[in-house]
$ cat my_file38.txt   # compact mmCIF, C-alpha atoms
# COMPACT_ATOMS: atom_id res chain seq x y z
CA MET N 1 34.19 81.11 -155.11
CA SER N 2 34.21 77.49 -156.21
CA MET N 3 36.47 75.18 -158.16
CA ARG N 4 35.81 75.05 -161.88
CA ALA N 5 36.08 72.05 -164.17
CA ASP N 6 39.54 72.00 -165.71
CA ARG N 7 40.00 73.13 -169.28
CA THR N 8 41.14 71.07 -172.25
CA PHE N 9 42.66 73.89 -174.39
CA PRO N 10 41.44 72.52 -177.76
CA THR N 11 42.92 75.36 -179.84
CA LEU N 12 46.55 75.05 -178.74
CA ASN N 13 47.46 72.32 -181.20
CA ALA N 14 46.44 74.65 -184.02
CA LEU N 15 48.51 77.42 -182.45
CA ARG N 16 51.54 75.14 -182.53
CA ALA N 17 50.86 74.44 -186.22
CA ILE N 18 50.68 78.17 -186.92
CA GLY N 19 54.05 78.63 -185.26
CA ALA N 20 55.62 75.86 -187.35
CA LEU N 21 54.23 77.25 -190.60
CA MET N 22 55.57 80.70 -189.70
CA VAL N 23 59.04 79.28 -189.23
CA VAL N 24 58.92 77.49 -192.59
CA GLY N 25 57.65 80.66 -194.25
CA THR N 26 60.40 82.89 -192.91
CA HIS N 27 63.18 80.43 -193.79
CA ALA N 28 61.88 80.03 -197.34
CA ALA N 29 61.69 83.83 -197.60
CA PHE N 30 65.27 84.25 -196.40
CA ASN N 31 66.72 81.62 -198.72
CA THR N 32 64.90 82.99 -201.78
CA GLY N 33 65.80 86.60 -200.97
CA GLN N 34 62.13 87.52 -200.58
CA ILE N 35 62.74 89.23 -197.24
CA THR N 36 64.53 92.10 -198.99
CA ARG N 37 61.48 93.01 -201.09
CA GLY N 38 59.17 95.72 -199.81
CA TRP N 39 56.70 95.54 -196.96
CA SER N 40 55.87 91.89 -197.61
CA GLY N 41 59.53 91.02 -197.14
CA ALA N 42 59.52 92.91 -193.84
CA VAL N 43 56.61 90.81 -192.61
CA LEU N 44 58.11 87.54 -193.85
CA SER N 45 61.41 88.36 -192.14
CA ARG N 46 59.57 88.58 -188.80
CA LEU N 47 57.77 85.26 -189.07
CA ASP N 48 60.42 83.95 -186.69
CA PHE N 49 57.65 85.09 -184.34
CA GLY N 50 56.59 81.45 -184.63
CA VAL N 51 59.40 80.65 -182.17
CA THR N 52 57.79 83.07 -179.71
CA LEU N 53 54.56 81.07 -179.92
CA PHE N 54 56.47 77.80 -179.36
CA PHE N 55 58.20 79.15 -176.27
CA ILE N 56 55.02 80.63 -174.76
CA LEU N 57 53.20 77.33 -175.29
CA SER N 58 56.04 75.35 -173.74
CA GLY N 59 56.12 77.63 -170.72
CA PHE N 60 52.36 77.29 -170.30
CA LEU N 61 51.83 73.58 -170.89
CA LEU N 62 54.91 72.34 -169.05
CA SER N 63 54.50 74.47 -165.95
CA ARG N 64 50.73 74.26 -165.60
CA PRO N 65 50.62 70.81 -163.95
CA ILE N 66 53.00 72.12 -161.27
CA MET N 67 50.95 75.30 -160.82
CA LEU N 68 47.72 73.34 -160.60
CA ALA N 69 49.17 70.95 -158.03
CA ARG N 70 50.36 73.89 -155.91
CA ALA N 71 46.95 75.58 -156.17
CA ARG N 72 45.21 72.36 -155.10
CA GLY N 73 47.69 71.59 -152.38
CA THR N 74 48.56 68.24 -153.94
CA GLN N 75 51.87 66.61 -154.84
CA ALA N 76 53.57 68.04 -157.92
CA PRO N 77 54.18 65.73 -160.91
CA ALA N 78 57.34 63.63 -160.67
CA VAL N 79 60.32 65.35 -162.28
CA GLY N 80 61.65 62.02 -163.55
CA HIS N 81 58.39 61.31 -165.36
CA TYR N 82 58.35 64.80 -166.86
CA LEU N 83 61.94 64.51 -168.18
CA TRP N 84 61.30 61.03 -169.52
CA LYS N 85 58.32 62.23 -171.55
CA ARG N 86 60.28 65.20 -172.89
CA ALA N 87 63.12 62.90 -173.94
CA LEU N 88 60.75 60.49 -175.69
CA ARG N 89 59.02 63.31 -177.54
CA ILE N 90 62.10 65.21 -178.66
CA LEU N 91 65.12 62.94 -179.00
CA PRO N 92 64.19 60.17 -181.50
CA LEU N 93 63.15 62.45 -184.36
CA TYR N 94 65.85 64.99 -183.57
CA TRP N 95 68.60 62.37 -183.76
CA VAL N 96 67.21 61.00 -187.02
CA VAL N 97 67.16 64.47 -188.57
CA VAL N 98 70.71 65.19 -187.40
CA LEU N 99 71.96 61.94 -188.92
CA VAL N 100 70.14 62.55 -192.21
CA ALA N 101 71.42 66.14 -192.45
CA MET N 102 74.99 65.17 -191.62
CA PHE N 103 75.13 62.27 -194.08
CA PHE N 104 73.05 63.57 -197.00
CA ASP N 105 73.51 67.35 -197.07
CA PRO N 106 76.72 67.89 -199.09
CA ALA N 107 77.42 71.12 -197.19
CA ASN N 108 78.12 69.00 -194.10
CA SER N 109 80.72 66.74 -195.72
CA LYS N 110 83.57 68.29 -193.74
CA ILE N 111 81.83 68.56 -190.35
CA THR N 112 84.18 67.60 -187.53
CA THR N 113 83.55 64.91 -184.93
CA ALA N 114 83.29 67.59 -182.25
CA ASN N 115 80.56 69.34 -184.24
CA TRP N 116 78.76 66.02 -184.65
CA ILE N 117 78.76 65.53 -180.89
CA ARG N 118 77.59 69.08 -180.21
CA HIS N 119 74.62 68.74 -182.53
CA LEU N 120 73.63 65.34 -181.14
CA THR N 121 73.72 66.69 -177.57
CA PHE N 122 72.02 70.09 -178.11
CA THR N 123 75.24 71.90 -177.20
CA GLN N 124 75.88 73.47 -180.61
CA LEU N 125 75.12 76.94 -179.25
CA TYR N 126 77.84 76.79 -176.64
CA ALA N 127 80.83 76.83 -178.99
CA PRO N 128 81.85 79.60 -181.43
CA LYS N 129 81.14 77.48 -184.50
CA VAL N 130 78.82 77.80 -187.47
CA LEU N 131 75.71 75.63 -187.17
CA ALA N 132 75.50 72.67 -189.54
CA SER N 133 73.57 73.04 -192.79
CA SER N 134 69.93 71.86 -192.68
CA LEU N 135 70.08 72.12 -188.88
CA THR N 136 70.27 75.89 -188.41
CA GLN N 137 66.69 76.04 -187.11
CA MET N 138 67.63 73.69 -184.27
CA TRP N 139 69.12 76.58 -182.29
CA SER N 140 65.64 77.19 -180.87
CA LEU N 141 65.23 73.53 -179.94
CA ALA N 142 68.59 73.60 -178.14
CA THR N 143 67.34 76.63 -176.19
CA GLU N 144 64.03 74.91 -175.50
CA VAL N 145 65.80 71.81 -174.21
CA ALA N 146 67.73 74.04 -171.80
CA PHE N 147 64.36 75.33 -170.61
CA TYR N 148 63.02 71.77 -170.23
CA ILE N 149 65.89 70.92 -167.92
CA LEU N 150 65.66 74.08 -165.84
CA MET N 151 61.87 74.50 -165.83
CA PRO N 152 61.22 72.77 -162.48
CA LEU N 153 63.83 74.98 -160.83
CA ILE N 154 62.52 78.15 -162.49
CA VAL N 155 58.96 77.39 -161.41
CA ALA N 156 60.09 76.54 -157.88
CA PHE N 157 61.79 79.94 -157.66
CA LEU N 158 58.70 81.73 -158.95
CA LEU N 159 56.39 79.93 -156.50
CA GLY N 160 58.50 80.42 -153.38
CA ARG N 161 57.75 78.54 -150.16
CA LYS N 162 55.64 75.41 -150.49
CA ASP N 163 53.46 76.35 -147.54
CA ALA N 164 52.51 79.62 -149.27
CA GLY N 165 50.35 77.86 -151.85
CA LEU N 166 49.95 79.50 -155.27
CA HIS N 167 50.42 83.21 -154.56
CA LEU N 168 49.94 85.03 -157.87
CA PRO N 169 51.57 88.34 -156.84
CA THR N 170 54.78 86.49 -155.98
CA VAL N 171 54.78 84.61 -159.29
CA ILE N 172 54.12 87.78 -161.29
CA LYS N 173 56.72 89.91 -159.46
CA ARG N 174 59.46 87.30 -159.78
CA SER N 175 58.53 86.60 -163.40
CA THR N 176 58.77 90.31 -164.18
CA ALA N 177 62.23 90.48 -162.62
CA LEU N 178 63.46 87.47 -164.60
CA GLY N 179 61.86 88.84 -167.76
CA VAL N 180 63.63 92.20 -167.43
CA ALA N 181 66.92 90.36 -166.87
CA GLY N 182 66.24 88.32 -170.01
CA LEU N 183 65.53 91.40 -172.12
CA THR N 184 68.74 92.96 -170.82
CA TRP N 185 70.71 89.84 -171.75
CA GLN N 186 69.24 89.89 -175.25
CA ALA N 187 69.99 93.59 -175.74
CA ILE N 188 73.62 93.09 -174.77
CA THR N 189 74.50 89.75 -176.37
CA ALA N 190 72.74 90.36 -179.69
CA THR N 191 75.30 93.05 -180.44
CA ILE N 192 78.20 90.56 -180.33
CA PRO N 193 79.31 90.05 -183.95
CA GLY N 194 80.39 86.89 -185.71
CA ARG N 195 79.99 83.27 -184.74
CA GLU N 196 80.27 84.17 -181.06
CA GLY N 197 76.79 85.68 -181.46
CA HIS N 198 75.32 82.36 -180.29
CA PHE N 199 75.15 84.05 -176.88
CA ALA N 200 72.03 85.80 -178.15
CA GLN N 201 70.43 82.39 -178.76
CA TRP N 202 70.92 81.13 -175.23
CA LEU N 203 68.00 80.61 -172.87
CA PRO N 204 68.33 83.83 -170.77
CA GLY N 205 67.44 86.05 -173.74
CA PHE N 206 64.19 84.17 -174.33
CA LEU N 207 63.02 83.86 -170.74
CA PRO N 208 60.42 86.61 -171.28
CA TRP N 209 58.59 84.42 -173.79
CA PHE N 210 58.67 81.31 -171.59
CA LEU N 211 57.60 83.43 -168.60
CA VAL N 212 54.50 84.67 -170.41
CA GLY N 213 53.41 81.05 -170.63
CA ILE N 214 54.33 80.35 -167.01
CA VAL N 215 52.36 83.35 -165.73
CA PHE N 216 49.40 82.27 -167.85
CA ALA N 217 49.71 78.80 -166.31
CA ALA N 218 49.71 80.21 -162.77
CA VAL N 219 46.66 82.38 -163.44
CA SER N 220 44.87 79.52 -165.19
CA ALA N 221 45.51 77.18 -162.26
CA HIS N 222 44.35 79.86 -159.81
CA ILE N 223 41.12 80.40 -161.74
CA THR N 224 40.46 76.66 -161.98
CA VAL N 225 40.78 76.18 -158.21
CA THR N 226 39.19 79.42 -156.94
CA GLY N 227 36.67 80.19 -159.67
CA GLU N 228 37.80 83.82 -159.61
CA ASP N 229 36.69 86.13 -162.42
CA HIS N 230 40.21 87.20 -163.29
CA LEU N 231 41.18 90.08 -165.59
CA PHE N 232 42.68 87.63 -168.08
CA GLU N 233 39.33 85.87 -168.37
CA ARG N 234 37.54 89.14 -169.09
CA LEU N 235 40.11 90.19 -171.68
CA ALA N 236 40.01 86.79 -173.38
CA HIS N 237 36.31 87.13 -174.16
CA ASP N 238 37.30 89.80 -176.68
CA LEU N 239 39.40 87.67 -179.01
CA THR N 240 39.19 90.26 -181.77
CA GLY N 241 40.46 93.01 -179.49
CA CYS N 242 43.34 90.88 -178.22
CA TRP N 243 44.40 89.96 -181.73
CA ILE N 244 44.19 93.58 -182.91
CA VAL N 245 46.65 94.50 -180.15
CA ALA N 246 48.85 91.51 -181.08
CA THR N 247 48.78 92.41 -184.79
CA ALA N 248 49.53 96.08 -184.16
CA THR N 249 52.46 95.19 -181.92
CA PHE N 250 53.76 92.69 -184.46
CA ALA N 251 53.46 95.35 -187.19
CA ILE N 252 55.72 97.65 -185.18
CA ALA N 253 58.21 94.77 -184.88
CA CYS N 254 58.22 94.53 -188.69
CA SER N 255 59.69 98.03 -188.95
CA PRO N 256 63.41 98.92 -188.84
CA ILE N 257 62.96 99.96 -185.21
CA ALA N 258 63.26 96.27 -184.29
CA GLY N 259 66.49 95.71 -186.17
CA PRO N 260 67.64 94.63 -189.64
CA ARG N 261 65.92 91.96 -191.70
CA LEU N 262 69.15 90.28 -192.74
CA LEU N 263 71.80 88.55 -190.61
CA LEU N 264 73.38 91.83 -189.60
CA VAL N 265 74.35 92.76 -186.07
CA PRO N 266 71.53 94.76 -184.45
CA GLY N 267 71.96 97.56 -181.96
CA ALA N 268 71.22 96.94 -178.30
CA TRP N 269 67.98 98.92 -178.38
CA GLU N 270 66.87 97.19 -181.58
CA ALA N 271 67.47 93.70 -180.17
CA GLY N 272 65.87 94.47 -176.84
CA LEU N 273 62.88 96.16 -178.43
CA LYS N 274 62.30 93.28 -180.85
CA ALA N 275 62.29 90.80 -177.96
CA LEU N 276 59.88 93.02 -176.00
CA LEU N 277 57.53 93.55 -178.95
CA TYR N 278 57.44 89.81 -179.65
CA THR N 279 56.68 89.22 -175.96
CA VAL N 280 53.70 91.58 -175.99
CA ALA N 281 52.40 90.36 -179.36
CA GLY N 282 52.76 86.72 -178.31
CA ALA N 283 50.99 87.33 -175.00
CA PHE N 284 47.96 88.94 -176.64
CA PHE N 285 47.86 86.34 -179.41
CA VAL N 286 47.86 83.38 -177.02
CA LEU N 287 45.79 84.89 -174.19
CA PRO N 288 42.28 84.39 -175.71
CA LEU N 289 43.16 80.76 -176.51
CA VAL N 290 44.06 79.77 -172.95
CA PHE N 291 41.46 81.92 -171.20
CA GLY N 292 37.84 82.76 -171.97
CA PRO N 293 35.46 80.40 -173.79
CA GLU N 294 37.11 77.30 -175.23
CA ARG N 295 35.03 76.73 -178.37
CA GLU N 296 32.77 79.78 -178.59
CA GLY N 297 32.90 81.77 -181.81
CA ARG N 298 33.96 80.93 -185.35
CA VAL N 299 37.69 81.37 -184.79
CA ARG N 300 37.92 79.08 -181.77
CA ARG N 301 35.69 76.46 -183.38
CA SER N 302 37.81 76.52 -186.52
CA LEU N 303 41.07 76.21 -184.60
CA SER N 304 39.60 73.28 -182.66
CA GLY N 305 38.78 71.42 -185.86
CA THR N 306 40.23 68.11 -187.01
CA ILE N 307 42.63 69.46 -189.64
CA PRO N 308 44.23 72.21 -187.49
CA PHE N 309 44.54 69.72 -184.62
CA TRP N 310 46.25 67.20 -186.92
CA PHE N 311 48.69 69.79 -188.22
CA GLY N 312 49.51 70.57 -184.61
CA GLU N 313 50.23 66.89 -184.01
CA ILE N 314 52.83 66.82 -186.79
CA SER N 315 54.17 70.33 -186.14
CA TYR N 316 57.34 69.13 -184.43
CA GLY N 317 58.16 67.10 -187.51
CA ILE N 318 57.46 70.09 -189.76
CA PHE N 319 59.83 72.20 -187.69
CA ALA N 320 62.57 69.58 -187.47
CA ILE N 321 62.53 68.41 -191.09
CA HIS N 322 61.79 71.53 -193.14
CA MET N 323 65.32 72.96 -193.47
CA PHE N 324 66.70 69.73 -194.94
CA VAL N 325 63.74 69.58 -197.33
CA LEU N 326 64.18 73.25 -198.25
CA ASN N 327 67.84 72.72 -199.12
CA MET N 328 67.00 69.62 -201.14
CA VAL N 329 64.26 71.49 -203.03
CA PHE N 330 66.82 74.06 -204.14
CA ARG N 331 69.12 71.28 -205.35
CA ALA N 332 66.34 69.34 -207.11
CA THR N 333 64.97 72.41 -208.93
CA LYS N 334 68.47 73.77 -209.68
CA ILE N 335 67.38 77.18 -208.39
CA ASP N 336 70.13 79.22 -206.79
CA ILE N 337 69.51 80.64 -203.34
CA PHE N 338 68.57 84.32 -203.04
CA THR N 339 67.24 84.38 -206.62
CA GLY N 340 63.50 84.48 -205.92
CA HIS N 341 60.71 81.94 -206.72
CA TYR N 342 59.42 82.28 -203.15
CA LEU N 343 55.92 80.85 -203.58
CA TYR N 344 57.17 77.95 -205.71
CA ILE N 345 59.91 77.02 -203.24
CA LEU N 346 57.57 77.46 -200.27
CA PHE N 347 54.88 75.27 -201.85
CA LEU N 348 57.25 72.42 -202.66
CA THR N 349 58.88 72.62 -199.23
CA LEU N 350 55.54 72.57 -197.40
CA VAL N 351 54.14 69.67 -199.41
CA VAL N 352 57.19 67.43 -199.01
CA THR N 353 57.73 68.42 -195.39
CA THR N 354 54.10 67.76 -194.46
CA VAL N 355 54.15 64.30 -196.03
CA VAL N 356 57.42 63.33 -194.35
CA ALA N 357 56.34 64.82 -191.01
CA ALA N 358 53.05 62.91 -191.13
CA LEU N 359 54.85 59.64 -191.81
CA SER N 360 57.31 60.39 -189.03
CA PHE N 361 54.56 61.13 -186.53
CA HIS N 362 52.37 58.12 -187.27
CA LEU N 363 55.12 55.56 -187.87
CA MET N 364 57.74 56.64 -185.30
CA GLU N 365 56.88 59.48 -182.92
CA LYS N 366 53.40 58.35 -181.86
CA PRO N 367 54.38 54.68 -181.28
CA ILE N 368 57.41 55.78 -179.22
CA MET N 369 55.22 57.95 -176.99
CA ARG N 370 53.37 54.82 -175.85
CA TRP N 371 56.33 54.34 -173.53
CA LYS N 372 55.71 57.63 -171.73
CA ASN N 373 54.05 55.97 -168.74
CA ALA N 374 56.38 52.98 -168.53
CA THR N 375 56.10 51.79 -164.93
CA TRP N 376 59.80 50.98 -164.69
CA VAL N 377 60.65 54.66 -165.26
CA VAL N 378 57.96 56.81 -163.71
CA GLY N 379 56.57 57.16 -160.25
CA ALA N 380 53.47 59.31 -160.08
CA ARG N 381 51.69 60.17 -163.28
CA GLU N 382 50.82 63.73 -164.18
CA GLU N 383 47.10 63.54 -163.53
CA THR N 384 46.87 67.34 -163.40
CA ALA N 385 47.89 67.82 -167.03
CA PRO N 386 45.11 68.76 -169.51
CA LYS N 387 44.16 65.72 -171.55
CA THR N 388 44.08 67.36 -174.96
CA ALA N 389 46.83 69.93 -174.49
CA LYS N 390 50.14 68.36 -175.40
CA VAL N 391 53.59 69.78 -175.94
CA ASN N 392 55.69 68.89 -178.97
$ encode --input "my_file38.txt" --output "structure tokens"
Amino acid sequence: MSMRADRTFPTLNALRAIGALMVVGTHAAFNTGQITRGWSGAVLSRLDFGVTLFFILSGFLLSRPIMLARARGTQAPAVGHYLWKRALRILPLYWVVVLVAMFFDPANSKITTANWIRHLTFTQLYAPKVLASSLTQMWSLATEVAFYILMPLIVAFLLGRKDAGLHLPTVIKRSTALGVAGLTWQAITATIPGREGHFAQWLPGFLPWFLVGIVFAAVSAHITVTGEDHLFERLAHDLTGCWIVATATFAIACSPIAGPRLLLVPGAWEAGLKALLYTVAGAFFVLPLVFGPEREGRVRRSLSGTIPFWFGEISYGIFAIHMFVLNMVFRATKIDIFTGHYLYILFLTLVVTTVVAALSFHLMEKPIMRWKNATWVVGAREETAPKTAKVN
């Protein structure tokens, strides 16, 4: 066995864009009432699956430099540098969106100072309060930020002793244990009614999705260093087969077995099963894009193209901005919520959101990221990170 050249993961930006568009689609469907209409509504109600893709990608891209360093026997990336880059990427736009939503969405005119502080500090999930208007989607970002902070500790636990190197069986066994605990948490807390139901949005319930990405990162690092012909590599060569499994699993999640479409309290089995089905579907959807050939075949070449890559670059802006835009579209068109016009509302929301997100990325987010390697903040740079695979 011999070390392989490291991968660049050219399709993952497009995958992030797909996740963002799914989130916009499901929120537009909910606010127009489209999710109550037939089989198409059932599918649209489950496009929160985009969050699953975000969490798997975060688990993969953020943990892989650590996994690769352990596999190579080199020093892991500096935690300070990692946190600094996460802060630069997430905080500026997030704070701007919070300020805009609080000041310009009339539904937030009576928001308390305490609620202001909670939203600015990603702690809005840890109090039994309704989330602010135009910021309801930020629950997933608050959960993701909790993962950012705890990721080095989670990965250290999964890896075990430093002198053991990268031992895949240990990573997989410990990941499975944490994943089962996460599914259990989700099954229990999702049944808590009312505003206190934020427990179901906390990090533990979504660990299975992050752990899929972390396990993929460990296997990817192992393959890169050892050159082993791993099972994941063999499976990934059949992209069509993987996506058939992912689609079939997602289709099951669209049925009532995975809980109600509306904001009703699910049963424990429904909540746990939905989380499990999303985990399996997400794993098989992402697997052929992080393993197997990087640009072989029409699908991978298309996802690696300029336009999908660009949409991935602005996907964080699309996610962060779209709820404010959606609410403003309803006000501007004088269309009442839950009264239909799904495609019209979705089109206007996507067009405006894309324009604003593009301006945000090129005028604010990208210039700010030039500070990511500021010598007065960081020690060692993350040389093990893939050059074209970035995390929003």
$ residues_around --input "my_file38.txt" --residues "Phe285 of chain N" --least-positions-apart "2" --cutoff "6 Å" --atoms "all atoms listed in the file" --output "mmCIF file with C-alpha atoms, in the coordinates of the input"
data_model
loop_
_atom_site.group_PDB
_atom_site.id
_atom_site.type_symbol
_atom_site.label_atom_id
_atom_site.label_comp_id
_atom_site.auth_asym_id
_atom_site.auth_seq_id
_atom_site.Cartn_x
_atom_site.Cartn_y
_atom_site.Cartn_z
ATOM 1 C CA TRP N 243 44.400 89.960 -181.730
ATOM 2 C CA ALA N 246 48.850 91.510 -181.080
ATOM 3 C CA GLY N 282 52.760 86.720 -178.310
ATOM 4 C CA ALA N 283 50.990 87.330 -175.000
ATOM 5 C CA LEU N 287 45.790 84.890 -174.190
#
$ atom_distance --input "my_file38.txt" --atom1 "atom CA of Ala268 of chain N" --atom2 "atom CA of Ala190 of chain N"
6.9 Å
$ residues_around --input "my_file38.txt" --residues "Phe284 of chain N" --least-positions-apart "6" --cutoff "12 Å" --atoms "all atoms listed in the file" --output "list in words"
Thr52, Leu53, Ile56, Trp209, Val212, Gly213, Phe216, Phe232, Leu235, Ala236, Asp238, Leu239, Thr240, Gly241, Cys242, Trp243, Ile244, Val245, Ala246, Thr247, Ala248, Thr249, Phe250, Leu277, Tyr278, Val290 and Phe291 of chain N
$ write_last_selection --input "my_file38.txt" --atoms "C-alpha atoms" --output "PDB file, keeping the file's coordinate frame"
ATOM      1  CA  THR N  52      57.790  83.070-179.710  1.00  0.00           C
ATOM      2  CA  LEU N  53      54.560  81.070-179.920  1.00  0.00           C
ATOM      3  CA  ILE N  56      55.020  80.630-174.760  1.00  0.00           C
ATOM      4  CA  TRP N 209      58.590  84.420-173.790  1.00  0.00           C
ATOM      5  CA  VAL N 212      54.500  84.670-170.410  1.00  0.00           C
ATOM      6  CA  GLY N 213      53.410  81.050-170.630  1.00  0.00           C
ATOM      7  CA  PHE N 216      49.400  82.270-167.850  1.00  0.00           C
ATOM      8  CA  PHE N 232      42.680  87.630-168.080  1.00  0.00           C
ATOM      9  CA  LEU N 235      40.110  90.190-171.680  1.00  0.00           C
ATOM     10  CA  ALA N 236      40.010  86.790-173.380  1.00  0.00           C
ATOM     11  CA  ASP N 238      37.300  89.800-176.680  1.00  0.00           C
ATOM     12  CA  LEU N 239      39.400  87.670-179.010  1.00  0.00           C
ATOM     13  CA  THR N 240      39.190  90.260-181.770  1.00  0.00           C
ATOM     14  CA  GLY N 241      40.460  93.010-179.490  1.00  0.00           C
ATOM     15  CA  CYS N 242      43.340  90.880-178.220  1.00  0.00           C
ATOM     16  CA  TRP N 243      44.400  89.960-181.730  1.00  0.00           C
ATOM     17  CA  ILE N 244      44.190  93.580-182.910  1.00  0.00           C
ATOM     18  CA  VAL N 245      46.650  94.500-180.150  1.00  0.00           C
ATOM     19  CA  ALA N 246      48.850  91.510-181.080  1.00  0.00           C
ATOM     20  CA  THR N 247      48.780  92.410-184.790  1.00  0.00           C
ATOM     21  CA  ALA N 248      49.530  96.080-184.160  1.00  0.00           C
ATOM     22  CA  THR N 249      52.460  95.190-181.920  1.00  0.00           C
ATOM     23  CA  PHE N 250      53.760  92.690-184.460  1.00  0.00           C
ATOM     24  CA  LEU N 277      57.530  93.550-178.950  1.00  0.00           C
ATOM     25  CA  TYR N 278      57.440  89.810-179.650  1.00  0.00           C
ATOM     26  CA  VAL N 290      44.060  79.770-172.950  1.00  0.00           C
ATOM     27  CA  PHE N 291      41.460  81.920-171.200  1.00  0.00           C
TER      28      PHE N 291
END
$ residues_around --input "my_file38.txt" --residues "Asn31 of chain N" --least-positions-apart "3" --cutoff "8 Å" --atoms "all atoms listed in the file" --output "PyMOL selection string"
chain N and resi 27-28+34+337-338
$ closest_residue --input "my_file38.txt" --among "N:Thr112, N:Thr170, N:Ser45, N:Thr349" --to "Ala253 of chain N" --atoms "only C-alpha atoms"
N:Ser45
$ atom_distance --input "my_file38.txt" --atom1 "atom CA of Lys366 of chain N" --atom2 "atom CA of Leu93 of chain N"
10.9 Å
$ closest_residue --input "my_file38.txt" --among "N:Trp185, N:Phe324, N:Phe210, N:Tyr342" --to "Val97 of chain N" --atoms "all atoms listed in the file"
N:Phe324
$ closest_residue --input "my_file38.txt" --among "N:Asp163, N:Glu228, N:Glu365, N:Asp48" --to "Leu91 of chain N" --atoms "all atoms listed in the file"
N:Glu365
$ residues_near_point --input "my_file38.txt" --point "(50.3, 94.3, -194.2)" --cutoff "10 Å" --atoms "all atoms listed in the file" --output "list in words"
Trp39, Ser40, Ala42, Val43, Thr247, Ala251 and Cys254 of chain N
$ atom_distance --input "my_file38.txt" --atom1 "atom CA of Leu99 of chain N" --atom2 "atom CA of Thr113 of chain N"
12.6 Å
$ closest_residue --input "my_file38.txt" --among "N:Gly312, N:Leu166, N:Asn327, N:Ala271" --to "Ser133 of chain N" --atoms "only C-alpha atoms"
N:Asn327
$ closest_residue --input "my_file38.txt" --among "N:Pro367, N:Pro260, N:Pro266, N:Pro92" --to "Gly41 of chain N" --atoms "only C-alpha atoms"
N:Pro260
$ build_atoms --input "my_file38.txt" --residues "segment 354-358 of chain N" --atoms "all heavy atoms" --output "PDB file, keeping the file's coordinate frame"
ATOM      1  N   THR N 354      55.321  68.252-195.099  1.00  0.00           N
ATOM      2  CA  THR N 354      54.100  67.760-194.460  1.00  0.00           C
ATOM      3  C   THR N 354      53.961  66.255-194.612  1.00  0.00           C
ATOM      4  O   THR N 354      53.617  65.548-193.659  1.00  0.00           O
ATOM      5  CB  THR N 354      52.861  68.466-195.055  1.00  0.00           C
ATOM      6  OG1 THR N 354      52.961  69.868-194.823  1.00  0.00           O
ATOM      7  CG2 THR N 354      51.582  67.947-194.414  1.00  0.00           C
ATOM      8  N   VAL N 355      54.242  65.743-195.803  1.00  0.00           N
ATOM      9  CA  VAL N 355      54.150  64.300-196.030  1.00  0.00           C
ATOM     10  C   VAL N 355      55.149  63.541-195.155  1.00  0.00           C
ATOM     11  O   VAL N 355      54.792  62.568-194.470  1.00  0.00           O
ATOM     12  CB  VAL N 355      54.387  63.964-197.519  1.00  0.00           C
ATOM     13  CG1 VAL N 355      54.503  62.457-197.720  1.00  0.00           C
ATOM     14  CG2 VAL N 355      53.256  64.527-198.375  1.00  0.00           C
ATOM     15  N   VAL N 356      56.390  64.005-195.140  1.00  0.00           N
ATOM     16  CA  VAL N 356      57.420  63.330-194.350  1.00  0.00           C
ATOM     17  C   VAL N 356      57.118  63.446-192.860  1.00  0.00           C
ATOM     18  O   VAL N 356      57.268  62.479-192.095  1.00  0.00           O
ATOM     19  CB  VAL N 356      58.816  63.895-194.662  1.00  0.00           C
ATOM     20  CG1 VAL N 356      59.875  63.236-193.780  1.00  0.00           C
ATOM     21  CG2 VAL N 356      59.157  63.684-196.131  1.00  0.00           C
ATOM     22  N   ALA N 357      56.658  64.623-192.419  1.00  0.00           N
ATOM     23  CA  ALA N 357      56.340  64.820-191.010  1.00  0.00           C
ATOM     24  C   ALA N 357      55.177  63.938-190.579  1.00  0.00           C
ATOM     25  O   ALA N 357      55.168  63.401-189.466  1.00  0.00           O
ATOM     26  CB  ALA N 357      56.019  66.286-190.738  1.00  0.00           C
ATOM     27  N   ALA N 358      54.192  63.770-191.454  1.00  0.00           N
ATOM     28  CA  ALA N 358      53.050  62.910-191.130  1.00  0.00           C
ATOM     29  C   ALA N 358      53.493  61.455-190.987  1.00  0.00           C
ATOM     30  O   ALA N 358      53.082  60.749-190.053  1.00  0.00           O
ATOM     31  CB  ALA N 358      51.983  63.045-192.210  1.00  0.00           C
TER      32      ALA N 358
END
